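The structure under discussion appears below in the form of structure tokens.
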Amino acid sequence: MFFLQLHWLLPLALAVAASPVAVFGVTRMTLAAPVSMAPDWGFLVGWVVGLLAVAGLAGAIVGLVTSLLKGTAATVVVGLLRLALGVLMWVIALRRWRARPRPGEPARWPSWVQGAAEADPARASGLGFALAALDLKNLVLAGTAGTLVVHSSLSFGGVLGSLLVFALVASSALLFITVGFRTARHKVEAPLGRLASGLELNLGGIESAALLVAGAILVGFGLQIFA
């Protein structure tokens, strides 16, 4: 059951990991900051804590509400919630796609990205937490992960393990950049520079595709109540 639960969470985690803004911000940090300063590690820690906080809080709230219901009522409420979350993901995907930069236009990064290169570890951790916990896309995805896990038949330890694995997979892109830079800086500097340029060209498209897939899975779960 534990591995089945991870199978459910994997698309959600990968949709979170496909966050061009976070990857671009960390890339700027790693390329500009001295190795000893390590703001990228601060951002990564804040990001993981933010995802766990949202997933845990959403799971606790939904679990408390549905525990007051019994039988078919609880099943219907959970199914409708998943259906609504899936549709919301599609709406966010459409908005991100429409807001993407057109060919020849510069990417419109959030204001904090411009100062990411000068962030110290403490500020970077705050930025990581805020982006993971307050960005609408990440908020919905992490909250959905929490609701899926809390309604599984896993033990308390299994729930914690599932949420931790979700957060780690959702942080895989940031972890890869951070560890790669710290262990082989001269080999990854040029690829990271190309990555930053590529993200500017594909901002919006990456997130939209990931959200469409994750939303389809949630809608499928939600429609099961009508089967």
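We label chains A, B, ... in the order they appear in the structure tokens, count residues from 1 in each chain, and number ligands from 1 in the order shown.
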List the spatial neighbours of Val54 of chain A as a PyMOL selection string - criterion: any atom at most 12 Å away, only C-alpha atoms, same-chain residues fewer than 2 positions off excluded.
chain A and resi 47-52+56-61+129-147+163+166-167
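Nearest residue to Thr27 of chain A among A:Leu64, A:Ile225, A:Leu175, A:Ala73 is A:Leu175, counting only C-alpha atoms.
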Run DSSP on the backbone and give me the residues of segment 143-180 of chain A it puts in alpha helix (DSSP H), as a PyMOL selection string.
chain A and resi 143-150+156-170+172-180
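In terms of minimum interatomic distance to Val149 of chain A, A:Val165 ranks closest within A:Ala119, A:Val165, A:Leu14, A:Leu85, counting only C-alpha atoms.
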Separating atom CA of Val45 of chain A from atom CA of Ile92 of chain A, to the nearest tenth of an Å, is a gap of 25.8 Å
Near-Ala74 of chain A list (12 Å; only C-alpha atoms; drop same-chain fewer than 3 positions) as a list in words
Val62, Gly63, Leu64, Val65, Thr66, Ser67, Leu68, Leu69, Lys70, Gly71, Val77, Val78, Gly79, Leu80, Leu81, His151 and Ile225 of chain A
Residues from last step as file, N, CA and C atoms, as an mmCIF file, in the first residue's frame:
```
data_model
loop_
_atom_site.group_PDB
_atom_site.id
_atom_site.type_symbol
_atom_site.label_atom_id
_atom_site.label_comp_id
_atom_site.auth_asym_id
_atom_site.auth_seq_id
_atom_site.Cartn_x
_atom_site.Cartn_y
_atom_site.Cartn_z
ATOM 1 N N VAL A 62 -8.795 18.484 6.116
ATOM 2 C CA VAL A 62 -9.736 17.649 5.371
ATOM 3 C C VAL A 62 -10.043 16.368 6.148
ATOM 4 N N GLY A 63 -9.038 15.800 6.780
ATOM 5 C CA GLY A 63 -9.258 14.600 7.569
ATOM 6 C C GLY A 63 -10.217 14.850 8.723
ATOM 7 N N LEU A 64 -10.083 16.014 9.363
ATOM 8 C CA LEU A 64 -10.973 16.358 10.480
ATOM 9 C C LEU A 64 -12.409 16.536 9.996
ATOM 10 N N VAL A 65 -12.561 17.228 8.871
ATOM 11 C CA VAL A 65 -13.910 17.476 8.345
ATOM 12 C C VAL A 65 -14.584 16.173 7.925
ATOM 13 N N THR A 66 -13.874 15.350 7.173
ATOM 14 C CA THR A 66 -14.486 14.114 6.675
ATOM 15 C C THR A 66 -14.687 13.082 7.779
ATOM 16 N N SER A 67 -13.946 13.207 8.880
ATOM 17 C CA SER A 67 -14.139 12.260 9.988
ATOM 18 C C SER A 67 -15.496 12.454 10.651
ATOM 19 N N LEU A 68 -16.096 13.611 10.438
ATOM 20 C CA LEU A 68 -17.416 13.875 10.995
ATOM 21 C C LEU A 68 -18.525 13.257 10.148
ATOM 22 N N LEU A 69 -18.170 12.788 8.942
ATOM 23 C CA LEU A 69 -19.139 12.173 8.048
ATOM 24 C C LEU A 69 -18.992 10.658 8.102
ATOM 25 N N LYS A 70 -19.994 9.965 7.650
ATOM 26 C CA LYS A 70 -19.965 8.508 7.688
ATOM 27 C C LYS A 70 -20.426 7.921 6.363
ATOM 28 N N GLY A 71 -19.879 6.745 6.047
ATOM 29 C CA GLY A 71 -20.335 5.976 4.906
ATOM 30 C C GLY A 71 -20.258 6.697 3.585
ATOM 31 N N VAL A 77 -18.040 13.311 -0.543
ATOM 32 C CA VAL A 77 -17.337 14.564 -0.260
ATOM 33 C C VAL A 77 -15.889 14.483 -0.732
ATOM 34 N N VAL A 78 -15.232 13.371 -0.427
ATOM 35 C CA VAL A 78 -13.845 13.202 -0.859
ATOM 36 C C VAL A 78 -13.751 13.187 -2.381
ATOM 37 N N GLY A 79 -14.679 12.472 -3.040
ATOM 38 C CA GLY A 79 -14.668 12.415 -4.498
ATOM 39 C C GLY A 79 -14.886 13.775 -5.131
ATOM 40 N N LEU A 80 -15.852 14.536 -4.597
ATOM 41 C CA LEU A 80 -16.113 15.875 -5.136
ATOM 42 C C LEU A 80 -14.943 16.815 -4.895
ATOM 43 N N LEU A 81 -14.290 16.653 -3.751
ATOM 44 C CA LEU A 81 -13.115 17.481 -3.460
ATOM 45 C C LEU A 81 -12.007 17.207 -4.464
ATOM 46 N N HIS A 151 -6.402 10.154 3.412
ATOM 47 C CA HIS A 151 -7.514 9.236 3.186
ATOM 48 C C HIS A 151 -7.052 7.855 2.720
ATOM 49 N N ILE A 225 -16.542 8.284 -7.957
ATOM 50 C CA ILE A 225 -17.737 8.248 -7.094
ATOM 51 C C ILE A 225 -19.004 8.032 -7.915
#
```
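Here the question is which of A:Leu174, A:Leu211, A:Leu127, A:Leu223 gets nearest to Gly46 of chain A using only C-alpha atoms, and that residue is A:Leu127.
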